Every structure is written in C-alpha cells, then in structure tokens.
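Trainee: Below you'll find run.pdb; it's PDB, C-alpha atoms.
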ATOM      1  CA  MET N 962       0.000   0.000   0.000
ATOM      2  CA  ARG N 963       2.805   2.408   0.904
ATOM      3  CA  LEU N 964       4.562   1.811  -2.423
ATOM      4  CA  LYS N 965       1.358   2.446  -4.338
ATOM      5  CA  LYS N 966       0.775   5.613  -2.295
ATOM      6  CA  ASN N 967       4.260   6.936  -3.106
ATOM      7  CA  ASP N 968       3.906   5.977  -6.772
ATOM      8  CA  LYS N 969       0.681   7.942  -6.970
ATOM      9  CA  ALA N 970       2.266  10.877  -5.138
ATOM     10  CA  VAL N 971       5.109  11.020  -7.670
ATOM     11  CA  ASP N 972       2.672  10.936 -10.578
ATOM     12  CA  ASP N 973       0.585  13.690  -8.965
ATOM     13  CA  CYS N 974       3.711  15.816  -8.419
ATOM     14  CA  ARG N 975       4.803  15.422 -12.037
ATOM     15  CA  ARG N 976       1.442  16.700 -13.201
ATOM     16  CA  ALA N 977       1.488  19.531 -10.672
ATOM     17  CA  VAL N 978       4.925  20.888 -11.624
ATOM     18  CA  LYS N 979       4.093  20.574 -15.300
ATOM     19  CA  LEU N 980       1.137  22.893 -14.724
ATOM     20  CA  ASP N 981       3.112  25.140 -12.362
ATOM     21  CA  PRO N 982       6.937  24.958 -12.649
ATOM     22  CA  LYS N 983       7.211  27.060  -9.458
ATOM     23  CA  ASN N 984       5.171  24.691  -7.277
ATOM     24  CA  THR N 985       7.826  24.157  -4.611
ATOM     25  CA  LYS N 986       5.542  22.000  -2.488
ATOM     26  CA  ALA N 987       4.953  19.569  -5.366
ATOM     27  CA  PHE N 988       8.696  19.353  -6.098
ATOM     28  CA  TYR N 989       9.399  18.696  -2.414
ATOM     29  CA  ARG N 990       6.742  15.986  -2.171
ATOM     30  CA  GLY N 991       8.034  14.421  -5.381
ATOM     31  CA  ALA N 992      11.519  14.301  -3.886
ATOM     32  CA  THR N 993      10.443  12.688  -0.605
ATOM     33  CA  SER N 994       8.161  10.170  -2.345
ATOM     34  CA  SER N 995      10.901   9.244  -4.835
ATOM     35  CA  GLU N 996      13.377   8.747  -2.006
ATOM     36  CA  ALA N 997      10.880   6.477  -0.244
ATOM     37  CA  LEU N 998      10.658   4.395  -3.421
ATOM     38  CA  GLY N 999      14.449   4.088  -3.579
ATOM     39  CA  LEU N1000      14.625   6.320  -6.663
ATOM     40  CA  THR N1001      17.389   8.587  -5.416
ATOM     41  CA  GLU N1002      18.371  10.010  -8.800
ATOM     42  CA  GLN N1003      14.761  10.998  -9.408
ATOM     43  CA  ALA N1004      14.567  12.502  -5.916
ATOM     44  CA  VAL N1005      17.633  14.647  -6.715
ATOM     45  CA  LYS N1006      15.929  16.011  -9.816
ATOM     46  CA  PHE N1007      12.788  16.896  -7.904
ATOM     47  CA  CYS N1008      14.844  18.568  -5.179
ATOM     48  CA  ARG N1009      16.775  20.639  -7.719
ATOM     49  CA  GLY N1010      13.466  21.707  -9.214
ATOM     50  CA  ALA N1011      12.316  22.819  -5.785
ATOM     51  CA  LEU N1012      15.471  24.895  -5.320
ATOM     52  CA  GLU N1013      14.987  26.519  -8.714
ATOM     53  CA  SER N1014      11.570  27.656  -7.586
ATOM     54  CA  LYS N1015      12.834  28.635  -4.128
ATOM     55  CA  PRO N1016      16.561  29.443  -4.390
ATOM     56  CA  GLY N1017      18.663  29.414  -1.253
ATOM     57  CA  ASP N1018      16.133  27.585   0.918
ATOM     58  CA  ALA N1019      18.137  26.047   3.766
ATOM     59  CA  GLU N1020      15.990  22.944   4.186
ATOM     60  CA  LEU N1021      15.980  22.178   0.457
ATOM     61  CA  THR N1022      19.728  22.828   0.185
ATOM     62  CA  GLN N1023      20.414  20.420   3.022
ATOM     63  CA  MET N1024      18.069  17.866   1.500
ATOM     64  CA  LEU N1025      19.810  18.125  -1.883
ATOM     65  CA  LYS N1026      23.250  17.595  -0.311
ATOM     66  CA  LYS N1027      21.976  14.501   1.470
ATOM     67  CA  LEU N1028      20.360  13.081  -1.677
ATOM     68  CA  GLU N1029      23.393  13.802  -3.862
ATOM     69  CA  LYS N1030      25.678  12.059  -1.373
ATOM     70  CA  GLN N1031      23.290   9.124  -1.187
ATOM     71  CA  HIS N1032      23.119   8.927  -4.982
ATOM     72  CA  GLU N1033      26.923   8.989  -5.251
ATOM     73  CA  GLU N1034      27.191   6.154  -2.728
ATOM     74  CA  GLU N1035      24.602   4.134  -4.642
ATOM     75  CA  LEU N1036      26.548   4.617  -7.866
ATOM     76  CA  GLU N1037      29.749   3.457  -6.157
ATOM     77  CA  GLN N1038      27.970   0.403  -4.759
ATOM     78  CA  ALA N1039      26.490  -0.405  -8.158
ATOM     79  CA  HIS N1040      29.941  -0.099  -9.734
ATOM     80  CA  ALA N1041      31.426  -2.399  -7.093
ATOM     81  CA  ARG N1042      28.674  -4.950  -7.751
ATOM     82  CA  GLU N1043      29.308  -4.797 -11.480
ATOM     83  CA  GLU N1044      33.031  -5.359 -10.948
ATOM     84  CA  ALA N1045      32.334  -8.289  -8.627
ATOM     85  CA  GLN N1046      29.911  -9.799 -11.132
ATOM     86  CA  ALA N1047      32.426  -9.362 -13.938
ATOM     87  CA  ALA N1048      35.118 -11.061 -11.862
ATOM     88  CA  GLU N1049      32.741 -13.899 -10.995
ATOM     89  CA  GLU N1050      31.779 -14.296 -14.654
ATOM     90  CA  ALA N1051      35.433 -14.380 -15.705
ATOM     91  CA  LYS N1052      36.108 -17.026 -13.062
ATOM     92  CA  PHE N1053      33.137 -19.048 -14.268
ATOM     93  CA  VAL N1054      34.220 -18.829 -17.917
ATOM     94  CA  GLU N1055      37.747 -19.913 -17.003
ATOM     95  CA  ALA N1056      36.417 -22.877 -15.025
ATOM     96  CA  ALA N1057      34.094 -23.887 -17.861
ATOM     97  CA  THR N1058      36.973 -23.706 -20.355
ATOM     98  CA  THR N1059      39.098 -25.933 -18.128
ATOM     99  CA  VAL N1060      36.313 -28.503 -17.834
ATOM    100  CA  LYS N1061      35.820 -28.563 -21.596
ATOM    101  CA  SER N1062      39.550 -29.123 -22.043
ATOM    102  CA  VAL N1063      39.551 -32.037 -19.584
ATOM    103  CA  LEU N1064      36.495 -33.596 -21.219
ATOM    104  CA  GLY N1065      37.918 -33.003 -24.681
ATOM    105  CA  LYS N1066      40.791 -35.358 -23.877
ATOM    106  CA  ARG N1067      38.145 -38.080 -23.555
ATOM    107  CA  ASP N1068      36.425 -36.984 -26.747
ATOM    108  CA  VAL N1069      33.475 -35.705 -24.716
ATOM    109  CA  THR N1070      31.587 -32.536 -25.627
ATOM    110  CA  LEU N1071      28.710 -30.805 -23.850
ATOM    111  CA  GLY N1072      25.190 -30.169 -25.075
ATOM    112  CA  PRO N1073      22.207 -28.406 -23.520
ATOM    113  CA  ILE N1074      20.259 -29.649 -20.503
ATOM    114  CA  LEU N1075      17.705 -32.253 -21.548
ATOM    115  CA  PHE N1076      14.917 -31.590 -19.053
ATOM    116  CA  GLU N1077      13.410 -28.625 -17.255
ATOM    117  CA  LEU N1078      15.198 -28.186 -13.926
ATOM    118  CA  ALA N1079      13.844 -24.862 -12.657
ATOM    119  CA  MET N1080      12.294 -26.589  -9.629
ATOM    120  CA  TYR N1081      15.746 -27.704  -8.490
ATOM    121  CA  PHE N1082      17.847 -24.546  -8.712
ATOM    122  CA  GLN N1083      17.793 -20.757  -8.987
ATOM    123  CA  GLY N1084      20.082 -18.472 -10.959
ATOM    124  CA  ARG N1085      22.790 -19.806 -13.234
ATOM    125  CA  LYS N1086      22.145 -23.152 -14.856
ATOM    126  CA  PRO N1087      24.155 -26.004 -13.327
ATOM    127  CA  GLU N1088      27.228 -27.128 -15.231
ATOM    128  CA  PRO N1089      30.043 -29.609 -14.585
ATOM    129  CA  LYS N1090      33.125 -28.329 -12.805
ATOM    130  CA  LEU N1091      36.594 -29.594 -12.004
ATOM    131  CA  VAL N1092      36.985 -31.369  -8.663
ATOM    132  CA  SER N1093      39.129 -29.566  -6.122
ATOM    133  CA  ASP N1094      41.651 -32.362  -5.582
ATOM    134  CA  ALA N1095      42.471 -33.499  -9.126
ATOM    135  CA  GLU N1096      43.186 -32.039 -12.549
ATOM    136  CA  ASP N1097      41.434 -34.675 -14.641
ATOM    137  CA  ALA N1098      38.169 -35.399 -12.822
ATOM    138  CA  VAL N1099      34.857 -33.627 -12.956
ATOM    139  CA  GLU N1100      31.930 -33.050 -10.624
ATOM    140  CA  TRP N1101      28.658 -33.277 -12.516
ATOM    141  CA  PRO N1102      25.172 -32.061 -11.770
ATOM    142  CA  LEU N1103      23.151 -35.259 -12.011
ATOM    143  CA  LEU N1104      19.481 -35.833 -12.799
ATOM    144  CA  LEU N1105      18.119 -39.239 -11.837
ATOM    145  CA  LEU N1106      14.857 -40.200 -13.519
ATOM    146  CA  TYR N1107      12.522 -42.958 -12.319
ATOM    147  CA  ASP N1108      10.351 -43.356 -15.418
ATOM    148  CA  GLU N1109       8.040 -45.954 -13.879
ATOM    149  CA  PHE N1110       6.693 -43.382 -11.420
ATOM    150  CA  ALA N1111       7.461 -40.117 -13.268
ATOM    151  CA  GLN N1112       9.699 -39.127 -10.354
ATOM    152  CA  SER N1113      13.170 -37.607 -10.270
ATOM    153  CA  ASP N1114      16.025 -36.498  -8.038
ATOM    154  CA  PHE N1115      18.611 -33.808  -8.680
ATOM    155  CA  VAL N1116      22.127 -34.206  -7.289
ATOM    156  CA  GLU N1117      23.941 -30.878  -7.365
ATOM    157  CA  THR N1118      27.448 -32.341  -7.484
ATOM    158  CA  PHE N1119      28.397 -35.915  -8.264
ATOM    159  CA  ASP N1120      32.067 -36.857  -8.384
ATOM    160  CA  GLU N1121      32.504 -38.964 -11.520
ATOM    161  CA  ARG N1122      35.219 -40.982  -9.806
ATOM    162  CA  CYS N1123      32.468 -42.528  -7.681
ATOM    163  CA  SER N1124      30.039 -45.183  -8.838
ATOM    164  CA  LEU N1125      26.346 -44.533  -9.224
ATOM    165  CA  ASN N1126      25.795 -47.160  -6.552
ATOM    166  CA  ASP N1127      27.574 -44.871  -4.081
ATOM    167  CA  GLN N1128      24.785 -42.364  -4.677
ATOM    168  CA  LEU N1129      21.935 -44.863  -5.014
ATOM    169  CA  GLN N1130      22.849 -46.566  -1.754
ATOM    170  CA  VAL N1131      22.274 -43.283   0.061
ATOM    171  CA  MET N1132      18.972 -42.624  -1.700
ATOM    172  CA  PHE N1133      17.553 -46.151  -1.751
ATOM    173  CA  PRO N1134      18.869 -48.100   1.267
ATOM    174  CA  ALA N1135      17.354 -51.497   2.005
ATOM    175  CA  ASP N1136      15.790 -50.271   5.261
ATOM    176  CA  ARG N1137      14.023 -47.173   3.902
ATOM    177  CA  GLN N1138      11.781 -46.745   0.889
ATOM    178  CA  ALA N1139      10.909 -43.666  -1.137
ATOM    179  CA  GLU N1140       7.484 -42.160  -0.469
ATOM    180  CA  TRP N1141       6.364 -42.905  -4.016
ATOM    181  CA  ASP N1142       7.620 -46.511  -3.905
ATOM    182  CA  GLU N1143       4.722 -48.194  -2.070
ATOM    183  CA  GLU N1144       5.999 -51.682  -2.823
ATOM    184  CA  GLY N1145       9.493 -50.903  -1.548
ATOM    185  CA  LYS N1146      11.094 -52.393  -4.645
ATOM    186  CA  TYR N1147      13.494 -49.517  -5.367
ATOM    187  CA  VAL N1148      16.565 -50.684  -3.456
ATOM    188  CA  TRP N1149      20.015 -49.592  -4.598
ATOM    189  CA  ASP N1150      21.354 -53.051  -5.501
ATOM    190  CA  ARG N1151      18.247 -53.930  -7.539
ATOM    191  CA  LEU N1152      18.508 -50.981  -9.884
ATOM    192  CA  VAL N1153      19.781 -50.801 -13.435
ATOM    193  CA  CYS N1154      20.889 -47.502 -14.962
ATOM    194  CA  TYR N1155      20.806 -46.000 -18.449
ATOM    195  CA  LEU N1156      22.742 -42.894 -19.442
ATOM    196  CA  GLU N1157      21.020 -40.552 -21.902
ATOM    197  CA  TYR N1158      23.295 -38.739 -24.348
ATOM    198  CA  TYR N1159      23.126 -36.983 -27.703
ATOM    199  CA  ARG N1160      23.324 -39.152 -30.805
ATOM    200  CA  SER N1161      25.862 -36.906 -32.493
ATOM    201  CA  GLU N1162      27.566 -33.552 -32.231
ATOM    202  CA  LYS N1163      24.966 -31.779 -34.362
ATOM    203  CA  SER N1164      21.874 -33.764 -33.402
ATOM    204  CA  ASP N1165      19.326 -32.979 -30.708
ATOM    205  CA  THR N1166      18.147 -36.594 -30.780
ATOM    206  CA  THR N1167      19.236 -38.667 -27.807
ATOM    207  CA  GLU N1168      20.106 -42.302 -27.244
ATOM    208  CA  LEU N1169      20.390 -44.483 -24.163
ATOM    209  CA  ARG N1170      23.267 -46.643 -23.018
ATOM    210  CA  LYS N1171      23.174 -49.135 -20.181
ATOM    211  CA  ILE N1172      26.001 -48.362 -17.788
ATOM    212  CA  SER N1173      27.519 -50.182 -14.856
ATOM    213  CA  ALA N1174      26.268 -48.722 -11.592
ATOM    214  CA  GLY N1175      29.017 -50.440  -9.667
ATOM    215  CA  ASP N1176      32.016 -48.974 -11.461
ATOM    216  CA  SER N1177      33.456 -45.475 -11.543
ATOM    217  CA  LEU N1178      31.247 -43.337 -13.749
ATOM    218  CA  GLN N1179      34.305 -41.612 -15.193
ATOM    219  CA  ALA N1180      35.182 -44.682 -17.268
ATOM    220  CA  GLU N1181      31.732 -44.615 -18.904
ATOM    221  CA  LEU N1182      31.941 -40.981 -19.962
ATOM    222  CA  THR N1183      34.045 -41.190 -23.111
ATOM    223  CA  GLY N1184      33.473 -40.510 -26.795
ATOM    224  CA  MET N1185      30.060 -38.892 -26.629
ATOM    225  CA  ARG N1186      28.138 -35.629 -26.466
ATOM    226  CA  LEU N1187      26.622 -35.302 -23.013
ATOM    227  CA  PRO N1188      24.056 -32.889 -21.615
ATOM    228  CA  GLN N1189      25.655 -30.464 -19.171
ATOM    229  CA  VAL N1190      23.469 -32.091 -16.505
ATOM    230  CA  LEU N1191      24.083 -35.831 -16.641
ATOM    231  CA  THR N1192      20.801 -37.655 -17.108
ATOM    232  CA  VAL N1193      20.427 -41.201 -15.849
ATOM    233  CA  HIS N1194      17.298 -43.367 -15.915
ATOM    234  CA  ALA N1195      17.025 -45.886 -13.056
ATOM    235  CA  LEU N1196      14.659 -48.851 -13.026
ATOM    236  CA  VAL N1197      14.262 -52.078 -11.086
ATOM    237  CA  ASP N1198      16.252 -54.681 -12.990
ATOM    238  CA  GLY N1199      14.055 -57.303 -14.639
ATOM    239  CA  SER N1200      10.777 -55.625 -13.692
ATOM    240  CA  GLY N1201       7.838 -55.104 -16.027
ATOM    241  CA  ALA N1202       8.622 -51.391 -16.111
ATOM    242  CA  HIS N1203      12.198 -52.203 -17.087
ATOM    243  CA  ALA N1204      10.995 -54.392 -19.964
ATOM    244  CA  SER N1205       8.574 -51.706 -21.159
ATOM    245  CA  PHE N1206      11.333 -49.104 -21.020
ATOM    246  CA  CYS N1207      13.609 -51.280 -23.138
ATOM    247  CA  ARG N1208      10.892 -51.953 -25.709
ATOM    248  CA  GLU N1209      10.009 -48.252 -25.946
ATOM    249  CA  HIS N1210      13.633 -47.231 -26.526
ATOM    250  CA  HIS N1211      14.651 -50.216 -28.658
ATOM    251  CA  LEU N1212      17.147 -51.498 -26.115
ATOM    252  CA  PRO N1213      18.193 -55.107 -25.460
ATOM    253  CA  MET N1214      15.541 -56.783 -23.315
ATOM    254  CA  PRO N1215      16.474 -57.668 -19.728
TER
END
Could you quickly redo this structure as structure tokens?
Mentor:
Amino acid sequence: MRLKKNDKAVDDCRRAVKLDPKNTKAFYRGATSSEALGLTEQAVKFCRGALESKPGDAELTQMLKKLEKQHEEELEQAHAREEAQAAEEAKFVEAATTVKSVLGKRDVTLGPILFELAMYFQGRKPEPKLVSDAEDAVEWPLLLLYDEFAQSDFVETFDERCSLNDQLQVMFPADRQAEWDEEGKYVWDRLVCYLEYYRSEKSDTTELRKISAGDSLQAELTGMRLPQVLTVHALVDGSGAHASFCREHHLPMP
C-alpha cells in the first residue's frame, strides 16, 4: 500500500509541476516520495526543481546535499557490484573452459540440458566443474529419472570418480523406501541404470546406453556428447517397467 501511495504521489507531483513549474511544495513531495521508493536520482531532480523555484532555501539545500551524497554512494555500490559480477563471470568462464579441455581429452563434448530443472535450482544453470583435488576429474550435476513413477532427483554435485551405486545406496537403502515406492522395490542393488546422451555432435536426438552402476562413472563418460546435466534413468532390474522401457527405446531386453 505504501509503495502504491508513493507511486501515486510522484505521478501527482509530475502533473502539478508541469502545470506550475514554481510549485515548490509539489517538487518537495516528489523528492520525498521518490526517495521512499528508492529512486534517489529521481529525488535529486525533484529537489533541484524545488530549489529553482525557491533558491537558497536552507531545508531544500540540506536535502539536496543529502540526496546527492546518497546517490553517489549508490553509484559506487552499483559499480562495485558490477566489478564483482564481472570477476565472478570471468572465473566461471575460465572454469568452464578448463572442464571442456579435460572432457575433450576423452572426446566428450557438452550439449544443452535435456529436461526442465527450474524446480531444483535458482540463478545460473548447473554445469560440470573440475573437482578440487584433481586435474582430470569432474563433478557433474546429475538428474536421476525414475520413469516408472514419473519421479526424479537432482544431485547438485556428483564426483565422476564414484560409482552410481555410491549415490543410489544413500537414496535407496534397504531399510528405507521412497514415499512414491509403495511396494518398496526400489533398493540400490536392484537398480539398473541408463545414461542418456546426444546421438551426435549436431543432433538434438538422444540415445540411451546401459552403464555399470558399480564402477566409476568416469570410465563410462568417453566418446560422446553429453548434456551439461548428466541424465540417468534408473529402473528395477528385470521388472515389467524395465521391460517396457527397453521396448520403448529399442534397447536389449532384460
């Protein structure tokens, strides 16, 4: 309500000073309402207008000094933020270039994210990054899809030197079932995993490859174009849903 009130006050003041360029009261009110809205530059302009209509006024002069100082500080803060953002962007670009170089040695390139992930993150889209303790290993954002139940999990960072079972064992232990798994059949050592990747460098069509959940994922990630968020489908090995999945995607039957 207060914002709307100040917005209306500013609009009223603009109309008033347009009709009467010497309406000091309207200029003053426009300045105070603009300041309340966080529009310091606009408040400065209103205050200068007030001083033009009432030169030398002590209160208006003091107000203008305060607003000009505040505006200068805001400009300095904005400049500092821009510099910090530029430095962060440069750091990000450098890190992304390093990752691409590491992956390139395995003949791996990156493509766009395959599925909508807005529910899992805010801001910059997740991308793979170099691990902190090695020069040739990558931490991936990982999307796990459970097609049978139209469910998913997003893992922000997954060290490719680990096996998928390392992650699945945490998510699907034998003594605890997922809320959506009423039968309790999704247990880490019963699951089979399929990696989704792009068919070719220039194609948006994807294919699926069965991968070993028990071995280091790093060994599986060679010679392909991968989405920047790894996408893995997990199903119960030998289940009806597994068979249907294989038929739908023209994969060897379990």
Trainee: For the file shown, report as a CSV table (one decimal) with C-alpha atoms, in the frame of the given file the outcome of the PyMOL selection byres ((chain N and resi 1128-1139) around 10) at residue level.
Mentor:
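Saved as part_3.csv:
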chain,number,residue,atom,x,y,z
N,1105,LEU,CA,18.1,-39.2,-11.8
N,1114,ASP,CA,16.0,-36.5,-8.0
N,1116,VAL,CA,22.1,-34.2,-7.3
N,1119,PHE,CA,28.4,-35.9,-8.3
N,1120,ASP,CA,32.1,-36.9,-8.4
N,1123,CYS,CA,32.5,-42.5,-7.7
N,1124,SER,CA,30.0,-45.2,-8.8
N,1125,LEU,CA,26.3,-44.5,-9.2
N,1126,ASN,CA,25.8,-47.2,-6.6
N,1127,ASP,CA,27.6,-44.9,-4.1
N,1140,GLU,CA,7.5,-42.2,-0.5
N,1141,TRP,CA,6.4,-42.9,-4.0
N,1142,ASP,CA,7.6,-46.5,-3.9
N,1143,GLU,CA,4.7,-48.2,-2.1
N,1144,GLU,CA,6.0,-51.7,-2.8
N,1145,GLY,CA,9.5,-50.9,-1.5
N,1146,LYS,CA,11.1,-52.4,-4.6
N,1147,TYR,CA,13.5,-49.5,-5.4
N,1148,VAL,CA,16.6,-50.7,-3.5
N,1149,TRP,CA,20.0,-49.6,-4.6
N,1150,ASP,CA,21.4,-53.1,-5.5
N,1151,ARG,CA,18.2,-53.9,-7.5
N,1152,LEU,CA,18.5,-51.0,-9.9
N,1174,ALA,CA,26.3,-48.7,-11.6
N,1195,ALA,CA,17.0,-45.9,-13.1
Trainee: What is the distance between atom CA of N:Lys1026 and atom CA of N:Cys1008, in Å to one decimal?
Mentor: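 So the answer is 9.8 Å.
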Trainee: Show me the residues around (30.4, -28.8, -11.5) - criterion: an atom at most 12 Å away, all atoms listed in the file counted - as number ranges by chain.
Mentor: N: 1053, 1056-1057, 1059-1061, 1085-1093, 1098-1103, 1116-1121, 1189-1191
Trainee: Counting all atoms listed in the file, find residues at most 12 Å from (13.3, 15.8, -11.1) (file frame) and give them as a PDB file with C-alpha atoms, in the frame of the given file.
Mentor:
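Saved result, result.pdb, follows:
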ATOM      1  CA  VAL N 971       5.109  11.020  -7.670  1.00  0.00           C
ATOM      2  CA  ASP N 972       2.672  10.936 -10.578  1.00  0.00           C
ATOM      3  CA  CYS N 974       3.711  15.816  -8.419  1.00  0.00           C
ATOM      4  CA  ARG N 975       4.803  15.422 -12.037  1.00  0.00           C
ATOM      5  CA  VAL N 978       4.925  20.888 -11.624  1.00  0.00           C
ATOM      6  CA  LYS N 979       4.093  20.574 -15.300  1.00  0.00           C
ATOM      7  CA  PRO N 982       6.937  24.958 -12.649  1.00  0.00           C
ATOM      8  CA  THR N 985       7.826  24.157  -4.611  1.00  0.00           C
ATOM      9  CA  ALA N 987       4.953  19.569  -5.366  1.00  0.00           C
ATOM     10  CA  PHE N 988       8.696  19.353  -6.098  1.00  0.00           C
ATOM     11  CA  TYR N 989       9.399  18.696  -2.414  1.00  0.00           C
ATOM     12  CA  ARG N 990       6.742  15.986  -2.171  1.00  0.00           C
ATOM     13  CA  GLY N 991       8.034  14.421  -5.381  1.00  0.00           C
ATOM     14  CA  ALA N 992      11.519  14.301  -3.886  1.00  0.00           C
ATOM     15  CA  THR N 993      10.443  12.688  -0.605  1.00  0.00           C
ATOM     16  CA  SER N 994       8.161  10.170  -2.345  1.00  0.00           C
ATOM     17  CA  SER N 995      10.901   9.244  -4.835  1.00  0.00           C
ATOM     18  CA  GLU N 996      13.377   8.747  -2.006  1.00  0.00           C
ATOM     19  CA  LEU N1000      14.625   6.320  -6.663  1.00  0.00           C
ATOM     20  CA  THR N1001      17.389   8.587  -5.416  1.00  0.00           C
ATOM     21  CA  GLU N1002      18.371  10.010  -8.800  1.00  0.00           C
ATOM     22  CA  GLN N1003      14.761  10.998  -9.408  1.00  0.00           C
ATOM     23  CA  ALA N1004      14.567  12.502  -5.916  1.00  0.00           C
ATOM     24  CA  VAL N1005      17.633  14.647  -6.715  1.00  0.00           C
ATOM     25  CA  LYS N1006      15.929  16.011  -9.816  1.00  0.00           C
ATOM     26  CA  PHE N1007      12.788  16.896  -7.904  1.00  0.00           C
ATOM     27  CA  CYS N1008      14.844  18.568  -5.179  1.00  0.00           C
ATOM     28  CA  ARG N1009      16.775  20.639  -7.719  1.00  0.00           C
ATOM     29  CA  GLY N1010      13.466  21.707  -9.214  1.00  0.00           C
ATOM     30  CA  ALA N1011      12.316  22.819  -5.785  1.00  0.00           C
ATOM     31  CA  LEU N1012      15.471  24.895  -5.320  1.00  0.00           C
ATOM     32  CA  GLU N1013      14.987  26.519  -8.714  1.00  0.00           C
ATOM     33  CA  LEU N1025      19.810  18.125  -1.883  1.00  0.00           C
TER      34      LEU N1025
END
Trainee: Once you add 6 Å to each side, what are the centre and edge lengths of the axis-aligned box holding all listed atoms of stretch 970-975 of chain N? One decimal in Å, as JSON, if you can.
Mentor:
{"center_x": 2.8, "center_y": 13.3, "center_z": -8.6, "size_x": 16.5, "size_y": 16.9, "size_z": 18.9}
Trainee: What is the atom CA of N:Glu1157-atom CA of N:Gly1065 distance in Å, reported with one decimal?
Mentor: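 Result for atom CA of N:Glu1157 versus atom CA of N:Gly1065: 18.7 Å, one decimal.
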Trainee: What is the distance, in Å and to one decimal place, between atom CA of N:Leu1075 and atom CA of N:Ser1161?
Mentor: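 Computing it gives 14.4 Å between the two atoms.
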Trainee: With the file shown as input, list the residues that the PyMOL selection byres ((chain N and resi 1169-1172) around 7) selects, as a list in words.
Mentor: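 Evaluating the PyMOL selection byres ((chain N and resi 1169-1172) around 7) on these coordinates yields Cys1154, Tyr1155, Leu1156, Glu1157, Tyr1158, Thr1167, Glu1168, Ser1173, Ala1174 and Glu1181 of chain N.
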Trainee: Using the structure block above, produce a file of stretch 971-982 of chain N that contains N, CA, C and O atoms, as an mmCIF file, in the first residue's frame.
Mentor:
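Wrote it out as selection-v2.cif, contents follow:
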data_model
loop_
_atom_site.group_PDB
_atom_site.id
_atom_site.type_symbol
_atom_site.label_atom_id
_atom_site.label_comp_id
_atom_site.auth_asym_id
_atom_site.auth_seq_id
_atom_site.Cartn_x
_atom_site.Cartn_y
_atom_site.Cartn_z
ATOM 1 N N VAL N 971 4.145 10.590 -6.661
ATOM 2 C CA VAL N 971 5.109 11.020 -7.670
ATOM 3 C C VAL N 971 4.388 11.433 -8.955
ATOM 4 O O VAL N 971 4.696 12.467 -9.556
ATOM 5 N N ASP N 972 3.432 10.604 -9.365
ATOM 6 C CA ASP N 972 2.672 10.936 -10.578
ATOM 7 C C ASP N 972 1.918 12.259 -10.408
ATOM 8 O O ASP N 972 1.890 13.091 -11.324
ATOM 9 N N ASP N 973 1.314 12.445 -9.230
ATOM 10 C CA ASP N 973 0.585 13.690 -8.965
ATOM 11 C C ASP N 973 1.529 14.886 -9.012
ATOM 12 O O ASP N 973 1.186 15.959 -9.541
ATOM 13 N N CYS N 974 2.737 14.723 -8.451
ATOM 14 C CA CYS N 974 3.711 15.816 -8.419
ATOM 15 C C CYS N 974 4.197 16.172 -9.823
ATOM 16 O O CYS N 974 4.404 17.340 -10.140
ATOM 17 N N ARG N 975 4.392 15.153 -10.652
ATOM 18 C CA ARG N 975 4.803 15.422 -12.037
ATOM 19 C C ARG N 975 3.758 16.287 -12.751
ATOM 20 O O ARG N 975 4.100 17.242 -13.459
ATOM 21 N N ARG N 976 2.502 15.916 -12.555
ATOM 22 C CA ARG N 976 1.442 16.700 -13.201
ATOM 23 C C ARG N 976 1.386 18.118 -12.648
ATOM 24 O O ARG N 976 1.198 19.088 -13.391
ATOM 25 N N ALA N 977 1.581 18.218 -11.312
ATOM 26 C CA ALA N 977 1.488 19.531 -10.672
ATOM 27 C C ALA N 977 2.584 20.475 -11.139
ATOM 28 O O ALA N 977 2.320 21.649 -11.441
ATOM 29 N N VAL N 978 3.831 19.996 -11.225
ATOM 30 C CA VAL N 978 4.925 20.888 -11.624
ATOM 31 C C VAL N 978 4.906 21.173 -13.122
ATOM 32 O O VAL N 978 5.455 22.180 -13.570
ATOM 33 N N LYS N 979 4.249 20.293 -13.873
ATOM 34 C CA LYS N 979 4.093 20.574 -15.300
ATOM 35 C C LYS N 979 3.138 21.747 -15.507
ATOM 36 O O LYS N 979 3.343 22.613 -16.371
ATOM 37 N N LEU N 980 2.094 21.787 -14.659
ATOM 38 C CA LEU N 980 1.137 22.893 -14.724
ATOM 39 C C LEU N 980 1.707 24.167 -14.117
ATOM 40 O O LEU N 980 1.429 25.274 -14.576
ATOM 41 N N ASP N 981 2.537 23.979 -13.060
ATOM 42 C CA ASP N 981 3.112 25.140 -12.362
ATOM 43 C C ASP N 981 4.564 24.839 -12.006
ATOM 44 O O ASP N 981 4.851 24.238 -10.969
ATOM 45 N N PRO N 982 5.515 25.243 -12.873
ATOM 46 C CA PRO N 982 6.937 24.958 -12.649
ATOM 47 C C PRO N 982 7.496 25.595 -11.376
ATOM 48 O O PRO N 982 8.636 25.291 -10.998
#
